Amino acid sequence: MTDLLKTIQDLNLDPQKLQQLVTTAKDNPFAAMGMVQELGIAPEALQKVMSAVMANPGTLLELAKQFGVNDDLIASMKQHVPGADKLPL
């Protein structure tokens, strides 16, 4: 289990809310920040998530796929992730 997946699971978020957060982050990052606050994600947990994503950006795409984010959105996200074109997603 990756550190990112463990941290997300520890947050015990509703998968639908997590998917909505990912979709919102793509379209409007500032609105996504508001959603993070609404979901009650502690700054320490958010820092862990961001550290894990920065260490291995492809992990975010893999998790997005695992959590049911649609393929079109994942393809769009790949454009912003270094090395994502080499991922089998």
# chains A, B, ... in the order shown; residues from 1 in each chain; ligands from 1

$ residues_around --residues "region 68-79 of chain A" --least-positions-apart "6" --cutoff "8 Å" --atoms "only C-alpha atoms" --output "MDAnalysis selection string"
chainID A and resid 19 22:23 26 61 85

$ residues_around --residues "Val36 (chain A)" --least-positions-apart "4" --cutoff "12 Å" --atoms "only C-alpha atoms" --output "list in words"
Leu11, Leu13, Lys17, Leu18, Gln20, Leu21, Val22, Thr24, Ala25, Pro29, Phe30, Ala31, Ala32, Gly40, Ile41, Ala42, Pro43, Ala45, Leu46, Gln47 and Val49 of chain A

$ atom_distance --atom1 "CA of Leu4 (chain A)" --atom2 "CA of Ala52 (chain A)"
5.6 Å

$ select_by_dssp --residues "region 3-80 of chain A" --states "alpha helix (DSSP H)" --output "PyMOL selection string"
chain A and resi 3-11+15-27+29-39+43-55+58-66+71-78

$ atom_distance --atom1 "CA of His80 (chain A)" --atom2 "CA of Leu60 (chain A)"
11.3 Å

$ closest_residue --among "A:Glu44, A:Val81, A:Met50, A:Phe67" --to "Gln9 (chain A)" --atoms "only C-alpha atoms"
A:Phe67

$ decode --residues "region 38-73 of chain A" --atoms "N, CA and C atoms" --output "compact mmCIF listing (two decimals), in the first residue's frame"
# COMPACT_ATOMS: atom_id res chain seq x y z
N GLU A 38 -14.34 21.91 3.87
CA GLU A 38 -15.66 21.37 4.18
C GLU A 38 -15.57 19.90 4.60
N LEU A 39 -14.65 19.17 3.99
CA LEU A 39 -14.49 17.75 4.33
C LEU A 39 -13.76 17.55 5.65
N GLY A 40 -13.21 18.63 6.18
CA GLY A 40 -12.56 18.54 7.48
C GLY A 40 -11.19 17.87 7.42
N ILE A 41 -10.52 17.99 6.30
CA ILE A 41 -9.19 17.39 6.17
C ILE A 41 -8.19 18.29 6.91
N ALA A 42 -7.55 17.72 7.90
CA ALA A 42 -6.59 18.47 8.71
C ALA A 42 -5.40 18.90 7.86
N PRO A 43 -4.84 20.07 8.15
CA PRO A 43 -3.68 20.54 7.37
C PRO A 43 -2.52 19.53 7.37
N GLU A 44 -2.33 18.82 8.48
CA GLU A 44 -1.25 17.84 8.55
C GLU A 44 -1.50 16.69 7.56
N ALA A 45 -2.74 16.25 7.46
CA ALA A 45 -3.08 15.17 6.52
C ALA A 45 -2.93 15.66 5.09
N LEU A 46 -3.36 16.88 4.83
CA LEU A 46 -3.23 17.44 3.49
C LEU A 46 -1.76 17.57 3.11
N GLN A 47 -0.94 17.93 4.07
CA GLN A 47 0.50 18.05 3.82
C GLN A 47 1.09 16.67 3.47
N LYS A 48 0.64 15.62 4.16
CA LYS A 48 1.11 14.26 3.85
C LYS A 48 0.72 13.87 2.43
N VAL A 49 -0.54 14.18 2.06
CA VAL A 49 -1.02 13.86 0.72
C VAL A 49 -0.17 14.60 -0.32
N MET A 50 0.03 15.88 -0.11
CA MET A 50 0.80 16.67 -1.08
C MET A 50 2.25 16.19 -1.17
N SER A 51 2.85 15.83 -0.07
CA SER A 51 4.22 15.31 -0.08
C SER A 51 4.31 14.02 -0.88
N ALA A 52 3.34 13.14 -0.67
CA ALA A 52 3.33 11.86 -1.40
C ALA A 52 3.13 12.09 -2.89
N VAL A 53 2.26 13.02 -3.25
CA VAL A 53 2.02 13.31 -4.67
C VAL A 53 3.26 13.93 -5.30
N MET A 54 3.91 14.82 -4.59
CA MET A 54 5.11 15.46 -5.14
C MET A 54 6.24 14.44 -5.30
N ALA A 55 6.33 13.47 -4.40
CA ALA A 55 7.37 12.45 -4.49
C ALA A 55 7.12 11.50 -5.65
N ASN A 56 5.85 11.23 -5.95
CA ASN A 56 5.51 10.31 -7.04
C ASN A 56 4.18 10.74 -7.64
N PRO A 57 4.20 11.70 -8.57
CA PRO A 57 2.96 12.24 -9.14
C PRO A 57 2.07 11.18 -9.80
N GLY A 58 2.66 10.14 -10.35
CA GLY A 58 1.87 9.11 -11.01
C GLY A 58 0.95 8.37 -10.07
N THR A 59 1.30 8.35 -8.80
CA THR A 59 0.46 7.68 -7.80
C THR A 59 -0.93 8.31 -7.75
N LEU A 60 -1.00 9.61 -7.94
CA LEU A 60 -2.29 10.30 -7.91
C LEU A 60 -3.18 9.80 -9.04
N LEU A 61 -2.61 9.62 -10.21
CA LEU A 61 -3.39 9.12 -11.34
C LEU A 61 -3.86 7.69 -11.11
N GLU A 62 -2.98 6.88 -10.55
CA GLU A 62 -3.34 5.50 -10.25
C GLU A 62 -4.50 5.45 -9.25
N LEU A 63 -4.43 6.29 -8.23
CA LEU A 63 -5.50 6.33 -7.24
C LEU A 63 -6.80 6.87 -7.84
N ALA A 64 -6.67 7.85 -8.71
CA ALA A 64 -7.86 8.40 -9.36
C ALA A 64 -8.59 7.29 -10.12
N LYS A 65 -7.83 6.49 -10.83
CA LYS A 65 -8.41 5.37 -11.57
C LYS A 65 -9.06 4.38 -10.60
N GLN A 66 -8.38 4.08 -9.52
CA GLN A 66 -8.88 3.14 -8.53
C GLN A 66 -10.17 3.63 -7.88
N PHE A 67 -10.27 4.95 -7.68
CA PHE A 67 -11.46 5.51 -7.04
C PHE A 67 -12.58 5.83 -8.03
N GLY A 68 -12.40 5.42 -9.29
CA GLY A 68 -13.49 5.54 -10.25
C GLY A 68 -13.58 6.84 -11.00
N VAL A 69 -12.51 7.62 -11.01
CA VAL A 69 -12.53 8.85 -11.80
C VAL A 69 -12.56 8.44 -13.27
N ASN A 70 -13.40 9.13 -14.06
CA ASN A 70 -13.58 8.70 -15.45
C ASN A 70 -12.31 8.89 -16.28
N ASP A 71 -12.21 8.09 -17.33
CA ASP A 71 -11.00 8.05 -18.16
C ASP A 71 -10.69 9.39 -18.83
N ASP A 72 -11.72 10.15 -19.21
CA ASP A 72 -11.47 11.44 -19.85
C ASP A 72 -10.78 12.41 -18.89
N LEU A 73 -11.21 12.40 -17.65
CA LEU A 73 -10.60 13.28 -16.66
C LEU A 73 -9.17 12.84 -16.36
